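Notes follow once the structure below has been shown.
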Amino acid sequence: MPVLPISKNIDMTMLENRPSYLLTYNPHLPFSYTEGREVRVDLVKGTSRASANNARLGTWIESVEFLKNLMVDSSDEEVLTRDLQCSEYLEAGSMTLSFKRAPLDDAFFRSKREEIGKRLHVALDWIQSFKEDTGEQFHPNISLGSNGDLSILHAAIYSADSKLVSRLLALGADPTAASAVGTAENLCVNLASQGGDTGPAIESIMHRLKKYISSQ
């Protein structure tokens with residue numbers, strides 16, 4: 001792919017030392033809350049997704065609302081071409097992406113649970129590290145609810161991750177906090193009644209919650 005700077009004054013040295021191209025994107029979007037949200041796919045010249053020295057060439061952008069409406073009645077693959085919003089390193093360009101609805105099967109929900117669990121563990125690692133560094137000066141409200149008063153503990157239960165639940169309780173999460181789906185224990189009961197492959201994990205979490213509550 002030729003890279004044409006929009007100005008002769010642009011220093012292209014960094015790009016010349018970055019032979020590879022990457023596509024990076026914002027993969028985690030809550031499609032239930034679509035107002036003002038966008039899918040952004042960056043065309044990057046570099047060698048690693050995590051490298052601070054990579055250069056963004058251009059960005060493919062479309063609203064979540066548009067994509068959601070596009071896929072509502074579609075069972076086939078949809079293809080969209082958009083002009084890139086170019087950086088100073090790229091004179092012009094476009095990108096074509098294909099979209100296809102993922103089947104809402106067990107594999108899909110399992111991958112989403114794993115995704116939630118991994119991201120929450122990363123967040124808790126940061127909270128614990130920051131708390132250790134600041135000592136008594138930092139008291140995070142780990143039970144703070146968001147939409148429908150759902151807390152991180154509720155999300156951990158949805159992910160069926162008993163280790164994550166234990167970490168949250170150790171940080172002071174309140175298992176009796178009410179929400180649109182009830183307390184943490186109420187949510188466990190509802191999920192357990194649905195059966196599925198998370199049944200044993202949810203039963204373990206429910207036992208852990210009862211033990212914690214009785215000890216308080």
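By convention here, the chains of the structure tokens are called A, B, ... in the order presented, each chain's residues are numbered starting at 1, and ligands are numbered starting at 1 in the order presented.
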Exercise. Return as a list in words the full set of residues in range 58-179 of chain A whose backbone-based DSSP assignment is strand (DSSP E or B).
Key: Gly58, Thr59, Trp60, Ile61, Glu62, Ser63, Glu78, Val79, Leu80, Thr81, Arg82, Asp83, Gln85, Cys86, Ser94, Met95, Thr96, Leu97, Ser98 and Phe99 of chain A
Using N, CA, C and O atoms, can you export the residues from the last selection as an mmCIF file, in the first residue's frame?
```cif
data_model
loop_
_atom_site.group_PDB
_atom_site.id
_atom_site.type_symbol
_atom_site.label_atom_id
_atom_site.label_comp_id
_atom_site.auth_asym_id
_atom_site.auth_seq_id
_atom_site.Cartn_x
_atom_site.Cartn_y
_atom_site.Cartn_z
ATOM 1 N N GLY A 58 -5.041 6.002 8.809
ATOM 2 C CA GLY A 58 -6.406 6.455 8.595
ATOM 3 C C GLY A 58 -7.372 5.616 9.404
ATOM 4 O O GLY A 58 -7.015 4.571 9.939
ATOM 5 N N THR A 59 -8.616 6.080 9.495
ATOM 6 C CA THR A 59 -9.623 5.411 10.321
ATOM 7 C C THR A 59 -10.927 5.233 9.556
ATOM 8 O O THR A 59 -11.431 6.183 8.932
ATOM 9 N N TRP A 60 -11.446 4.005 9.608
ATOM 10 C CA TRP A 60 -12.762 3.662 9.050
ATOM 11 C C TRP A 60 -13.768 3.858 10.179
ATOM 12 O O TRP A 60 -13.593 3.312 11.271
ATOM 13 N N ILE A 61 -14.827 4.625 9.944
ATOM 14 C CA ILE A 61 -15.784 4.946 11.013
ATOM 15 C C ILE A 61 -17.211 4.730 10.524
ATOM 16 O O ILE A 61 -17.571 5.114 9.415
ATOM 17 N N GLU A 62 -18.020 4.085 11.361
ATOM 18 C CA GLU A 62 -19.449 3.982 11.109
ATOM 19 C C GLU A 62 -20.170 3.924 12.445
ATOM 20 O O GLU A 62 -19.626 3.424 13.443
ATOM 21 N N SER A 63 -21.376 4.449 12.492
ATOM 22 C CA SER A 63 -22.121 4.469 13.756
ATOM 23 C C SER A 63 -22.647 3.075 14.087
ATOM 24 O O SER A 63 -22.990 2.281 13.201
ATOM 25 N N GLU A 78 -22.799 -8.561 4.980
ATOM 26 C CA GLU A 78 -22.960 -7.220 4.446
ATOM 27 C C GLU A 78 -21.582 -6.599 4.273
ATOM 28 O O GLU A 78 -20.711 -6.730 5.124
ATOM 29 N N VAL A 79 -21.402 -5.915 3.152
ATOM 30 C CA VAL A 79 -20.106 -5.307 2.838
ATOM 31 C C VAL A 79 -20.271 -3.799 2.759
ATOM 32 O O VAL A 79 -21.176 -3.295 2.083
ATOM 33 N N LEU A 80 -19.398 -3.085 3.466
ATOM 34 C CA LEU A 80 -19.452 -1.627 3.477
ATOM 35 C C LEU A 80 -18.086 -1.051 3.121
ATOM 36 O O LEU A 80 -17.064 -1.485 3.646
ATOM 37 N N THR A 81 -18.095 -0.071 2.236
ATOM 38 C CA THR A 81 -16.877 0.656 1.889
ATOM 39 C C THR A 81 -17.026 2.097 2.357
ATOM 40 O O THR A 81 -18.050 2.737 2.094
ATOM 41 N N ARG A 82 -16.029 2.584 3.051
ATOM 42 C CA ARG A 82 -16.038 3.952 3.550
ATOM 43 C C ARG A 82 -14.680 4.599 3.261
ATOM 44 O O ARG A 82 -13.638 3.945 3.336
ATOM 45 N N ASP A 83 -14.717 5.883 2.951
ATOM 46 C CA ASP A 83 -13.469 6.627 2.842
ATOM 47 C C ASP A 83 -12.835 6.728 4.219
ATOM 48 O O ASP A 83 -13.526 6.893 5.232
ATOM 49 N N GLN A 85 -10.783 8.419 7.225
ATOM 50 C CA GLN A 85 -10.404 9.712 7.769
ATOM 51 C C GLN A 85 -8.885 9.658 7.944
ATOM 52 O O GLN A 85 -8.381 9.001 8.845
ATOM 53 N N CYS A 86 -8.193 10.332 7.045
ATOM 54 C CA CYS A 86 -6.751 10.147 6.928
ATOM 55 C C CYS A 86 -5.974 11.032 7.895
ATOM 56 O O CYS A 86 -6.372 12.147 8.207
ATOM 57 N N SER A 94 -9.537 4.346 1.111
ATOM 58 C CA SER A 94 -10.823 3.799 1.541
ATOM 59 C C SER A 94 -10.596 2.383 2.045
ATOM 60 O O SER A 94 -9.559 1.775 1.783
ATOM 61 N N MET A 95 -11.561 1.881 2.773
ATOM 62 C CA MET A 95 -11.456 0.525 3.319
ATOM 63 C C MET A 95 -12.810 -0.160 3.186
ATOM 64 O O MET A 95 -13.855 0.467 3.392
ATOM 65 N N THR A 96 -12.779 -1.429 2.820
ATOM 66 C CA THR A 96 -13.995 -2.229 2.713
ATOM 67 C C THR A 96 -13.986 -3.302 3.786
ATOM 68 O O THR A 96 -13.023 -4.066 3.894
ATOM 69 N N LEU A 97 -15.048 -3.343 4.574
ATOM 70 C CA LEU A 97 -15.175 -4.325 5.645
ATOM 71 C C LEU A 97 -16.453 -5.124 5.456
ATOM 72 O O LEU A 97 -17.460 -4.607 4.955
ATOM 73 N N SER A 98 -16.408 -6.375 5.848
ATOM 74 C CA SER A 98 -17.599 -7.221 5.784
ATOM 75 C C SER A 98 -18.118 -7.485 7.188
ATOM 76 O O SER A 98 -17.342 -7.595 8.142
ATOM 77 N N PHE A 99 -19.429 -7.571 7.321
ATOM 78 C CA PHE A 99 -20.086 -7.795 8.600
ATOM 79 C C PHE A 99 -21.054 -8.963 8.477
ATOM 80 O O PHE A 99 -21.761 -9.101 7.476
#
```
Quiz item: Taking the backbone alone, and naming residues the way the document does, which bits of range 70-121 of chain A are alpha helix (DSSP H) by DSSP, as a PyMOL selection string?
Solution: chain A and resi 70-72+106-121
Pull N, CA, C and O atoms from the residues just selected and write them as a CSV table (one decimal), in the first residue's frame.
```
chain,number,residue,atom,x,y,z
A,70,LEU,N,-28.6,-2.2,10.0
A,70,LEU,CA,-28.2,-3.0,8.8
A,70,LEU,C,-28.3,-4.5,9.0
A,70,LEU,O,-28.7,-5.2,8.1
A,71,MET,N,-28.0,-4.9,10.2
A,71,MET,CA,-27.9,-6.4,10.4
A,71,MET,C,-29.2,-7.0,11.0
A,71,MET,O,-29.3,-8.2,11.2
A,72,VAL,N,-30.2,-6.1,11.3
A,72,VAL,CA,-31.4,-6.6,12.0
A,72,VAL,C,-32.1,-7.7,11.2
A,72,VAL,O,-32.4,-8.8,11.7
A,106,ASP,N,-24.3,-21.3,22.2
A,106,ASP,CA,-23.6,-21.5,23.4
A,106,ASP,C,-22.1,-21.0,23.3
A,106,ASP,O,-21.6,-20.4,24.2
A,107,ALA,N,-21.6,-21.2,22.1
A,107,ALA,CA,-20.2,-20.8,21.9
A,107,ALA,C,-20.1,-19.2,22.0
A,107,ALA,O,-19.1,-18.7,22.5
A,108,PHE,N,-21.1,-18.5,21.4
A,108,PHE,CA,-21.1,-17.1,21.5
A,108,PHE,C,-21.2,-16.6,22.9
A,108,PHE,O,-20.4,-15.7,23.3
A,109,PHE,N,-22.1,-17.1,23.7
A,109,PHE,CA,-22.3,-16.7,25.1
A,109,PHE,C,-21.1,-17.1,25.9
A,109,PHE,O,-20.7,-16.3,26.8
A,110,ARG,N,-20.5,-18.2,25.6
A,110,ARG,CA,-19.3,-18.6,26.4
A,110,ARG,C,-18.1,-17.6,26.1
A,110,ARG,O,-17.4,-17.3,27.0
A,111,SER,N,-18.0,-17.2,24.8
A,111,SER,CA,-16.9,-16.3,24.5
A,111,SER,C,-17.1,-14.9,25.2
A,111,SER,O,-16.2,-14.3,25.6
A,112,LYS,N,-18.4,-14.5,25.3
A,112,LYS,CA,-18.7,-13.3,25.9
A,112,LYS,C,-18.4,-13.3,27.4
A,112,LYS,O,-17.9,-12.4,28.0
A,113,ARG,N,-18.7,-14.4,28.0
A,113,ARG,CA,-18.5,-14.6,29.5
A,113,ARG,C,-17.0,-14.5,29.7
A,113,ARG,O,-16.5,-13.9,30.7
A,114,GLU,N,-16.2,-15.2,28.9
A,114,GLU,CA,-14.7,-15.2,29.0
A,114,GLU,C,-14.2,-13.8,28.8
A,114,GLU,O,-13.3,-13.4,29.5
A,115,GLU,N,-14.7,-13.1,27.9
A,115,GLU,CA,-14.3,-11.7,27.6
A,115,GLU,C,-14.6,-10.8,28.8
A,115,GLU,O,-13.7,-10.0,29.2
A,116,ILE,N,-15.8,-10.9,29.4
A,116,ILE,CA,-16.1,-10.1,30.6
A,116,ILE,C,-15.1,-10.4,31.7
A,116,ILE,O,-14.6,-9.5,32.4
A,117,GLY,N,-14.9,-11.7,31.9
A,117,GLY,CA,-14.1,-12.1,33.0
A,117,GLY,C,-12.6,-11.6,32.9
A,117,GLY,O,-12.1,-11.1,33.9
A,118,LYS,N,-12.1,-11.7,31.7
A,118,LYS,CA,-10.7,-11.2,31.5
A,118,LYS,C,-10.6,-9.8,31.7
A,118,LYS,O,-9.6,-9.3,32.4
A,119,ARG,N,-11.5,-9.0,31.2
A,119,ARG,CA,-11.5,-7.5,31.4
A,119,ARG,C,-11.7,-7.1,32.8
A,119,ARG,O,-11.0,-6.2,33.3
A,120,LEU,N,-12.5,-7.8,33.5
A,120,LEU,CA,-12.7,-7.5,35.0
A,120,LEU,C,-11.5,-7.8,35.8
A,120,LEU,O,-11.2,-7.1,36.7
A,121,HIS,N,-10.9,-8.9,35.5
A,121,HIS,CA,-9.6,-9.3,36.2
A,121,HIS,C,-8.6,-8.2,36.0
A,121,HIS,O,-7.8,-7.9,37.0
```
Quiz item: A:Leu171, A:Ile213, A:Ala155, A:Ala201: which is nearest Lys131 in chain A, counting only C-alpha atoms?
Solution: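 Of the candidates, the smallest distance to Lys131 in chain A is held by A:Leu171.
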Exercise. Could you jot down the CA of Pro175 in chain A to CA of Cys188 in chain A separation for me, Å, one decimal place?
Key: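 Between these atoms lies a distance of 11.0 Å.
You can rank A:Glu203, A:Lys45, A:Glu132, A:Val181 by their closest distance to Tyr89 in chain A using only C-alpha atoms, and at the top of that list sits A:Lys45.
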Practice problem: Can you pull out every residue within 9 Å of Ala178 in chain A, counting only C-alpha atoms, but drop anything in the same chain fewer than 6 positions away, and send it as number ranges by chain? | Solution: A: 149-150, 184
Generate a file of the selected residues that holds N, CA, C and O atoms, formatted as an mmCIF file, in the first residue's frame.
```cif
data_model
loop_
_atom_site.group_PDB
_atom_site.id
_atom_site.type_symbol
_atom_site.label_atom_id
_atom_site.label_comp_id
_atom_site.auth_asym_id
_atom_site.auth_seq_id
_atom_site.Cartn_x
_atom_site.Cartn_y
_atom_site.Cartn_z
ATOM 1 N N ASP A 149 -28.574 -0.225 38.094
ATOM 2 C CA ASP A 149 -27.865 -0.445 39.364
ATOM 3 C C ASP A 149 -27.048 -1.736 39.359
ATOM 4 O O ASP A 149 -26.702 -2.259 40.420
ATOM 5 N N LEU A 150 -26.734 -2.259 38.180
ATOM 6 C CA LEU A 150 -25.890 -3.448 38.103
ATOM 7 C C LEU A 150 -24.455 -3.079 38.485
ATOM 8 O O LEU A 150 -23.920 -2.071 38.025
ATOM 9 N N ALA A 184 -27.052 -10.008 44.250
ATOM 10 C CA ALA A 184 -26.154 -10.981 43.621
ATOM 11 C C ALA A 184 -26.689 -12.396 43.783
ATOM 12 O O ALA A 184 -26.640 -13.208 42.855
#
```
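If you look at CA of Ser151 in chain A and CA of Ser179 in chain A, they are 8.1 Å away from each other.
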Quiz item: Between CA of Glu185 in chain A and CA of Asp197 in chain A, what is the distance, to one decimal in Å?
Solution: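 These two atoms are separated by 18.7 Å.
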